[in-house]
Amino acid sequence: MKIAVCIKRVADSETRVKIGPDGKSLDEAGVKFVLNPYDEFAVEEALRRKEAAGAGEIAVIALGPAAAQETIRTALAMGADRGVLLQADRVPADGLETAKALAAELKAGGWDLILFGKMAIDDYNHQVGPMVAELLGLPCVTSIGHLELAGRKGVAEREVEGGLEVVEFPLPVVLTADKGLNEPRYPALKGIMAAKKKPLEVKAATFGPGGVEVLAMLPPPARQEGRIVGEGAAAVPELIRLLREEAKVL
Amino acid sequence: MSNVLAVLEQRDGTLRKVSHEVVTGARRLADGLGGTVEALVLGAGAVRGTDALGSFGADTVVTATNPAFARYAPEGFTQAVAERAKASGFGAVVFAASATGKDLAPRVAATLGVALAADATDVAVEGGKVVVTRPIYAGKALLKVKLTTQPAVVSLRPNVFTPVERPKAGAAQAVSVDAPAGRVTVKEIKAAEAGALDVAEAPIVISGGRGLKEPANFKLLEELARAFGGKAAVGASRAVVDAGWRPHADQVGQTGKTVSPSLYIAVGISGAIQHLAGMRTSKTIVAINKDKDAPIFKVADYGIVGDLFEIVPKLAEEIRKLHG
Ligand SMILES: Cc1cc2nc3c(=O)[nH]c(=O)nc-3n(C[C@H](O)[C@H](O)[C@H](O)COP(=O)(O)OP(=O)(O)OC[C@H]3O[C@@H](n4cnc5c(N)ncnc54)[C@H](O)[C@@H]3O)c2cc1C
Ligand SMILES: Nc1ncnc2c1ncn2[C@@H]1O[C@H](COP(=O)(O)O)[C@@H](O)[C@H]1O
């Protein structure tokens, strides 16, 4: 089983977002960076598939700044075998440019599975996985919460509005992981030590200008200061009045 | 001048409600670009509800039929939409950022070799280019971007683009298309409870958290939802999903669904930042919590401090009276 997992270094979800001086990007001072949580599900799934197959190789690939080596080491500490960093000062704003760079790296790999997170929790782009699949001409199932593989075929489940889609596909395939797929393991001390010795190849990433020009990063629209209507069940009639007359939602 | 393609969704041969929002967003772009809106729906046969699309701003409605299109077929849909988009040289292609749209839009964009701005909460045309505003960092910031490749591919966050009716009939047209069956096939859709609305799409969402104390108490929220007469869905915080009280499909937040209903009622939810990530773009937020310092009150438009076990039944009673 040859498995590639694309992983992204992202600002932790607890981060207080401060807009940088350019007005277009995050002020990274004091920000903690982590392995994208959805990519943890992808790494975990790769480990389980390799363990079940009894043999294989797991490569993790990240496009990002030099500091993304740490993110790769985290995945190696979980148990991946080797890492590739496509190094760039910044991650392109256009997801298709990221997808092209990753696809070029993945192209000749002969992978059985190529795994992604369903989305990165920084840009919420929700697109790089299925774009890579299109670029490589591979079948793809996105946002999977359950996976079964038997031989060269698989069945996955994905949440859709009001239900679960049960999807069949052949291998090789591109899959993107949703929460619920598995419970990612924490790297053990032994894994952390071993990760330091695992191969990590660094290459320069190349990408074009892309089709997304960032005009501005803005704070979310301030919600009008809310108000406490009252205490206990006695406040309900006043709430109803406000919802009807002021908010006009009833 | 350039025209806009609105890619709609159907389920079991009926147009899905989110399609009206897609046409509304597409209309806004078409007005800015000085073009028309073509609404495209893919199905196995005629799709119910397409006749009303003109009144939301569609100039033409195209139903692309193929026996393989009864259900979403990723590869066939991608090819059909991309070919339609290419053939007519559209200036923009608009999807819903629904489960299907999140899967389909990136494939179509990659096939066309153009950028996608996903999950937009606002769209406009500035200097002849499509400009999109979209939440990033779990809603803690907005990114305003200009799409410079053509067509501009955009997906719209559900429930944000309020359908605007305009009295004008669109011309319907049915086209049958050839599409490969595709390697990936949807075998089955395991439906959730019959009639249950999905939290991501319901106009009213009532979510419960650990304050509900035990799973059985969610019946209080279900009763409140029923009082709204089929317009409300019941959501949940991660704490209660992780505890196994509610299915993951109902989870609202960073690792769950993003919802933007017109009314969101948070019951016994503290308001952790990851929960807010999923609901802060709701139009009106109500919080019911016994702790007056709970962070949920900072984003709520209206709050009631007190015991939910007293407040929720009273609220259901008053709502029932209203709908009496
Ligand atoms: C990476 C990551 C991702 C996450 N993703 C999500 C996500 O998608 N969605 C999500 O919701 N959380 C998410 N979380 C978890 C989040 O941080 C909180 O732990 C969670 O939202 C808390 O759930 P809660 O509000 O139900 O519980 P609590 O924080 O325990 O709050 C319970 C509330 O109920 C109130 N209460 C108790 N009894 C009563 C009563 N009788 N009447 C009225 N009020 C009462 C209490 O005052 C309290 O405010 C995530 C966390 C991490 C680290
Ligand atoms: N810079 C990157 N390097 C490696 N993988 C990435 C990168 N950006 C996105 N991905 C992968 O694509 C998924 C979806 O990301 P996105 O489309 O940005 O929301 C992520 O969960 C990762 O698996």
# chains A, B, ... in the order shown; residues from 1 in each chain; ligands from 1
>>> residues_near_ligand(ligand="ligand 1", cutoff="9 Å", atoms="only C-alpha atoms and all ligand atoms", output="ChimeraX atom specification")
/A:12-14,37 /B:208-213,236-241,251-258,266-278,288-296,305-311
>>> select_by_dssp(residues="segment 62-197 of chain B", states="helix (DSSP H, G or I)", output="PyMOL selection string")
chain B and resi 67-69+74-87+99-112+137-139
>>> closest_residue(among="B:Asp51, B:Asp12, B:Asp103, B:Glu75", to="ligand 2", atoms="only C-alpha atoms and all ligand atoms")
B:Asp103
>>> residues_near_ligand(ligand="ligand 2", cutoff="8 Å", atoms="only C-alpha atoms and all ligand atoms", output="PyMOL selection string")
chain A and resi 5-9+36-39+42+61-64+86+91-92+95+98-99+102+115-129+176-177
>>> residues_around(residues="Val94 of chain B", least_positions_apart="3", cutoff="7 Å", atoms="only C-alpha atoms", output="PyMOL selection string")
chain B and resi 5-7+22+26+153-155
>>> write_last_selection(atoms="N, CA and C atoms", output="tab-separated table (two decimals), in the first residue's frame")
chain	number	residue	atom	x	y	z
B	5	LEU	N	-23.57	31.58	-15.30
B	5	LEU	CA	-24.16	30.25	-15.22
B	5	LEU	C	-24.42	29.93	-13.75
B	6	ALA	N	-25.67	29.63	-13.42
B	6	ALA	CA	-26.03	29.26	-12.05
B	6	ALA	C	-26.25	27.75	-12.03
B	7	VAL	N	-25.41	27.04	-11.27
B	7	VAL	CA	-25.52	25.58	-11.24
B	7	VAL	C	-26.38	25.18	-10.04
B	22	VAL	N	-28.81	30.46	-5.20
B	22	VAL	CA	-27.78	30.47	-6.24
B	22	VAL	C	-28.21	31.38	-7.39
B	26	ALA	N	-26.32	34.72	-8.59
B	26	ALA	CA	-25.92	34.79	-9.99
B	26	ALA	C	-26.52	36.04	-10.64
B	153	VAL	N	-15.27	31.42	-10.79
B	153	VAL	CA	-16.07	30.35	-10.19
B	153	VAL	C	-16.26	30.67	-8.70
B	154	VAL	N	-17.51	30.65	-8.28
B	154	VAL	CA	-17.84	31.07	-6.91
B	154	VAL	C	-18.83	30.07	-6.31
B	155	SER	N	-18.65	29.72	-5.03
B	155	SER	CA	-19.73	28.98	-4.36
B	155	SER	C	-20.24	29.84	-3.21
>>> residues_around(residues="Glu134 of chain A", least_positions_apart="6", cutoff="12 Å", atoms="only C-alpha atoms", output="list in words")
Leu96, Ala99, Lys100, Ala103, Lys107, Gln127, Val128, Cys140, Val141, Val173 and Val174 of chain A; Pro74, Glu75, Thr78, Gln79, Asp103, Leu104, Ala105, Pro106, Arg107, Val108, Ala109, Ala110, Thr111, Leu112 and Gly113 of chain B
>>> select_by_dssp(residues="segment 5-63 of chain B", states="strand (DSSP E)", output="ChimeraX atom specification")
/B:5-7,10-11,14-15,37-43,60-63
>>> write_last_selection(atoms="N, CA, C and O atoms", output="PDB file, in the first residue's frame")
ATOM      1  N   LEU B   5     -23.573  31.584 -15.304  1.00  0.00           N
ATOM      2  CA  LEU B   5     -24.164  30.251 -15.220  1.00  0.00           C
ATOM      3  C   LEU B   5     -24.424  29.931 -13.749  1.00  0.00           C
ATOM      4  O   LEU B   5     -23.504  29.966 -12.928  1.00  0.00           O
ATOM      5  N   ALA B   6     -25.675  29.634 -13.419  1.00  0.00           N
ATOM      6  CA  ALA B   6     -26.033  29.262 -12.045  1.00  0.00           C
ATOM      7  C   ALA B   6     -26.246  27.751 -12.026  1.00  0.00           C
ATOM      8  O   ALA B   6     -27.140  27.248 -12.697  1.00  0.00           O
ATOM      9  N   VAL B   7     -25.415  27.041 -11.269  1.00  0.00           N
ATOM     10  CA  VAL B   7     -25.516  25.582 -11.237  1.00  0.00           C
ATOM     11  C   VAL B   7     -26.384  25.177 -10.043  1.00  0.00           C
ATOM     12  O   VAL B   7     -26.025  25.417  -8.890  1.00  0.00           O
ATOM     13  N   GLN B  10     -30.850  19.386  -7.446  1.00  0.00           N
ATOM     14  CA  GLN B  10     -32.138  18.729  -7.256  1.00  0.00           C
ATOM     15  C   GLN B  10     -31.931  17.484  -6.407  1.00  0.00           C
ATOM     16  O   GLN B  10     -30.822  16.970  -6.308  1.00  0.00           O
ATOM     17  N   ARG B  11     -32.989  17.070  -5.759  1.00  0.00           N
ATOM     18  CA  ARG B  11     -32.949  15.793  -5.025  1.00  0.00           C
ATOM     19  C   ARG B  11     -34.247  15.077  -5.348  1.00  0.00           C
ATOM     20  O   ARG B  11     -35.319  15.659  -5.221  1.00  0.00           O
ATOM     21  N   THR B  14     -36.773  16.991  -7.545  1.00  0.00           N
ATOM     22  CA  THR B  14     -37.306  18.287  -7.119  1.00  0.00           C
ATOM     23  C   THR B  14     -36.137  19.230  -6.853  1.00  0.00           C
ATOM     24  O   THR B  14     -35.152  18.839  -6.213  1.00  0.00           O
ATOM     25  N   LEU B  15     -36.291  20.459  -7.344  1.00  0.00           N
ATOM     26  CA  LEU B  15     -35.252  21.460  -7.139  1.00  0.00           C
ATOM     27  C   LEU B  15     -35.062  21.699  -5.651  1.00  0.00           C
ATOM     28  O   LEU B  15     -36.027  21.793  -4.894  1.00  0.00           O
ATOM     29  N   VAL B  37     -28.637  35.460 -16.877  1.00  0.00           N
ATOM     30  CA  VAL B  37     -28.417  34.284 -16.023  1.00  0.00           C
ATOM     31  C   VAL B  37     -28.991  33.045 -16.691  1.00  0.00           C
ATOM     32  O   VAL B  37     -30.174  33.002 -17.043  1.00  0.00           O
ATOM     33  N   GLU B  38     -28.132  32.046 -16.881  1.00  0.00           N
ATOM     34  CA  GLU B  38     -28.621  30.745 -17.320  1.00  0.00           C
ATOM     35  C   GLU B  38     -28.582  29.814 -16.121  1.00  0.00           C
ATOM     36  O   GLU B  38     -27.533  29.612 -15.512  1.00  0.00           O
ATOM     37  N   ALA B  39     -29.751  29.271 -15.774  1.00  0.00           N
ATOM     38  CA  ALA B  39     -29.810  28.322 -14.664  1.00  0.00           C
ATOM     39  C   ALA B  39     -29.682  26.923 -15.241  1.00  0.00           C
ATOM     40  O   ALA B  39     -30.382  26.572 -16.189  1.00  0.00           O
ATOM     41  N   LEU B  40     -28.772  26.150 -14.679  1.00  0.00           N
ATOM     42  CA  LEU B  40     -28.524  24.796 -15.183  1.00  0.00           C
ATOM     43  C   LEU B  40     -28.808  23.788 -14.084  1.00  0.00           C
ATOM     44  O   LEU B  40     -28.271  23.890 -12.982  1.00  0.00           O
ATOM     45  N   VAL B  41     -29.679  22.841 -14.384  1.00  0.00           N
ATOM     46  CA  VAL B  41     -29.918  21.780 -13.402  1.00  0.00           C
ATOM     47  C   VAL B  41     -29.732  20.448 -14.104  1.00  0.00           C
ATOM     48  O   VAL B  41     -30.097  20.285 -15.263  1.00  0.00           O
ATOM     49  N   LEU B  42     -29.090  19.508 -13.396  1.00  0.00           N
ATOM     50  CA  LEU B  42     -28.815  18.198 -13.978  1.00  0.00           C
ATOM     51  C   LEU B  42     -29.702  17.165 -13.312  1.00  0.00           C
ATOM     52  O   LEU B  42     -29.791  17.128 -12.085  1.00  0.00           O
ATOM     53  N   GLY B  43     -30.359  16.350 -14.125  1.00  0.00           N
ATOM     54  CA  GLY B  43     -31.242  15.348 -13.554  1.00  0.00           C
ATOM     55  C   GLY B  43     -31.482  14.216 -14.541  1.00  0.00           C
ATOM     56  O   GLY B  43     -31.018  14.262 -15.680  1.00  0.00           O
ATOM     57  N   THR B  60     -32.787  32.099 -18.566  1.00  0.00           N
ATOM     58  CA  THR B  60     -33.079  30.818 -19.201  1.00  0.00           C
ATOM     59  C   THR B  60     -32.812  29.704 -18.195  1.00  0.00           C
ATOM     60  O   THR B  60     -32.002  29.849 -17.287  1.00  0.00           O
ATOM     61  N   VAL B  61     -33.562  28.636 -18.373  1.00  0.00           N
ATOM     62  CA  VAL B  61     -33.383  27.480 -17.496  1.00  0.00           C
ATOM     63  C   VAL B  61     -33.080  26.278 -18.373  1.00  0.00           C
ATOM     64  O   VAL B  61     -33.845  25.958 -19.277  1.00  0.00           O
ATOM     65  N   VAL B  62     -31.965  25.655 -18.133  1.00  0.00           N
ATOM     66  CA  VAL B  62     -31.579  24.494 -18.922  1.00  0.00           C
ATOM     67  C   VAL B  62     -31.576  23.262 -18.017  1.00  0.00           C
ATOM     68  O   VAL B  62     -30.943  23.271 -16.958  1.00  0.00           O
ATOM     69  N   THR B  63     -32.320  22.258 -18.403  1.00  0.00           N
ATOM     70  CA  THR B  63     -32.275  21.004 -17.663  1.00  0.00           C
ATOM     71  C   THR B  63     -31.462  20.019 -18.503  1.00  0.00           C
ATOM     72  O   THR B  63     -31.864  19.677 -19.613  1.00  0.00           O
TER      73      THR B  63
END
>>> residues_around(residues="Pro172 of chain A", least_positions_apart="4", cutoff="8 Å", atoms="only C-alpha atoms", output="PyMOL selection string")
chain A and resi 111-114+138-139+152
>>> write_last_selection(atoms="N, CA and C atoms", output="PDB file, in the first residue's frame")
ATOM      1  N   TRP A 111       0.905   6.027  -6.456  1.00  0.00           N
ATOM      2  CA  TRP A 111       0.196   5.902  -5.174  1.00  0.00           C
ATOM      3  C   TRP A 111      -1.082   5.079  -5.320  1.00  0.00           C
ATOM      4  N   ASP A 112      -1.391   4.302  -4.299  1.00  0.00           N
ATOM      5  CA  ASP A 112      -2.691   3.617  -4.236  1.00  0.00           C
ATOM      6  C   ASP A 112      -3.744   4.558  -3.678  1.00  0.00           C
ATOM      7  N   LEU A 113      -3.327   5.331  -2.685  1.00  0.00           N
ATOM      8  CA  LEU A 113      -4.235   6.296  -2.043  1.00  0.00           C
ATOM      9  C   LEU A 113      -3.528   7.634  -1.940  1.00  0.00           C
ATOM     10  N   ILE A 114      -4.253   8.697  -2.244  1.00  0.00           N
ATOM     11  CA  ILE A 114      -3.740  10.042  -1.971  1.00  0.00           C
ATOM     12  C   ILE A 114      -4.771  10.711  -1.069  1.00  0.00           C
ATOM     13  N   LEU A 138      -7.669  11.299 -11.493  1.00  0.00           N
ATOM     14  CA  LEU A 138      -7.999  10.187 -10.591  1.00  0.00           C
ATOM     15  C   LEU A 138      -9.420  10.335 -10.051  1.00  0.00           C
ATOM     16  N   PRO A 139     -10.066   9.207  -9.744  1.00  0.00           N
ATOM     17  CA  PRO A 139     -11.353   9.302  -9.062  1.00  0.00           C
ATOM     18  C   PRO A 139     -11.153   9.910  -7.678  1.00  0.00           C
ATOM     19  N   ARG A 152      -8.877  -3.831  -4.739  1.00  0.00           N
ATOM     20  CA  ARG A 152      -8.698  -2.582  -5.486  1.00  0.00           C
ATOM     21  C   ARG A 152      -9.977  -1.754  -5.525  1.00  0.00           C
TER      22      ARG A 152
END
>>> closest_residue(among="A:Arg227, A:Arg241, A:Arg82, A:Arg185", to="chain B", atoms="only C-alpha atoms")
A:Arg227
>>> residues_around(residues="Gln87 of chain A", least_positions_apart="5", cutoff="10 Å", atoms="only C-alpha atoms", output="number ranges by chain")
A: 62-69, 202-206
>>> residues_around(residues="Pro215 of chain B", least_positions_apart="6", cutoff="9 Å", atoms="only C-alpha atoms", output="VMD selection string")
chain B and resid 240 244 to 246
>>> write_last_selection(atoms="C-alpha atoms", output="PDB file, in the first residue's frame")
ATOM      1  CA  VAL B 240     -22.689  16.573  23.217  1.00  0.00           C
ATOM      2  CA  GLY B 244     -22.609  10.398  21.729  1.00  0.00           C
ATOM      3  CA  TRP B 245     -25.843  12.223  22.564  1.00  0.00           C
ATOM      4  CA  ARG B 246     -26.354  13.546  19.038  1.00  0.00           C
TER       5      ARG B 246
END
>>> atom_distance(atom1="atom CA of Pro187 of chain A", atom2="atom CA of Leu76 of chain A")
8.6 Å
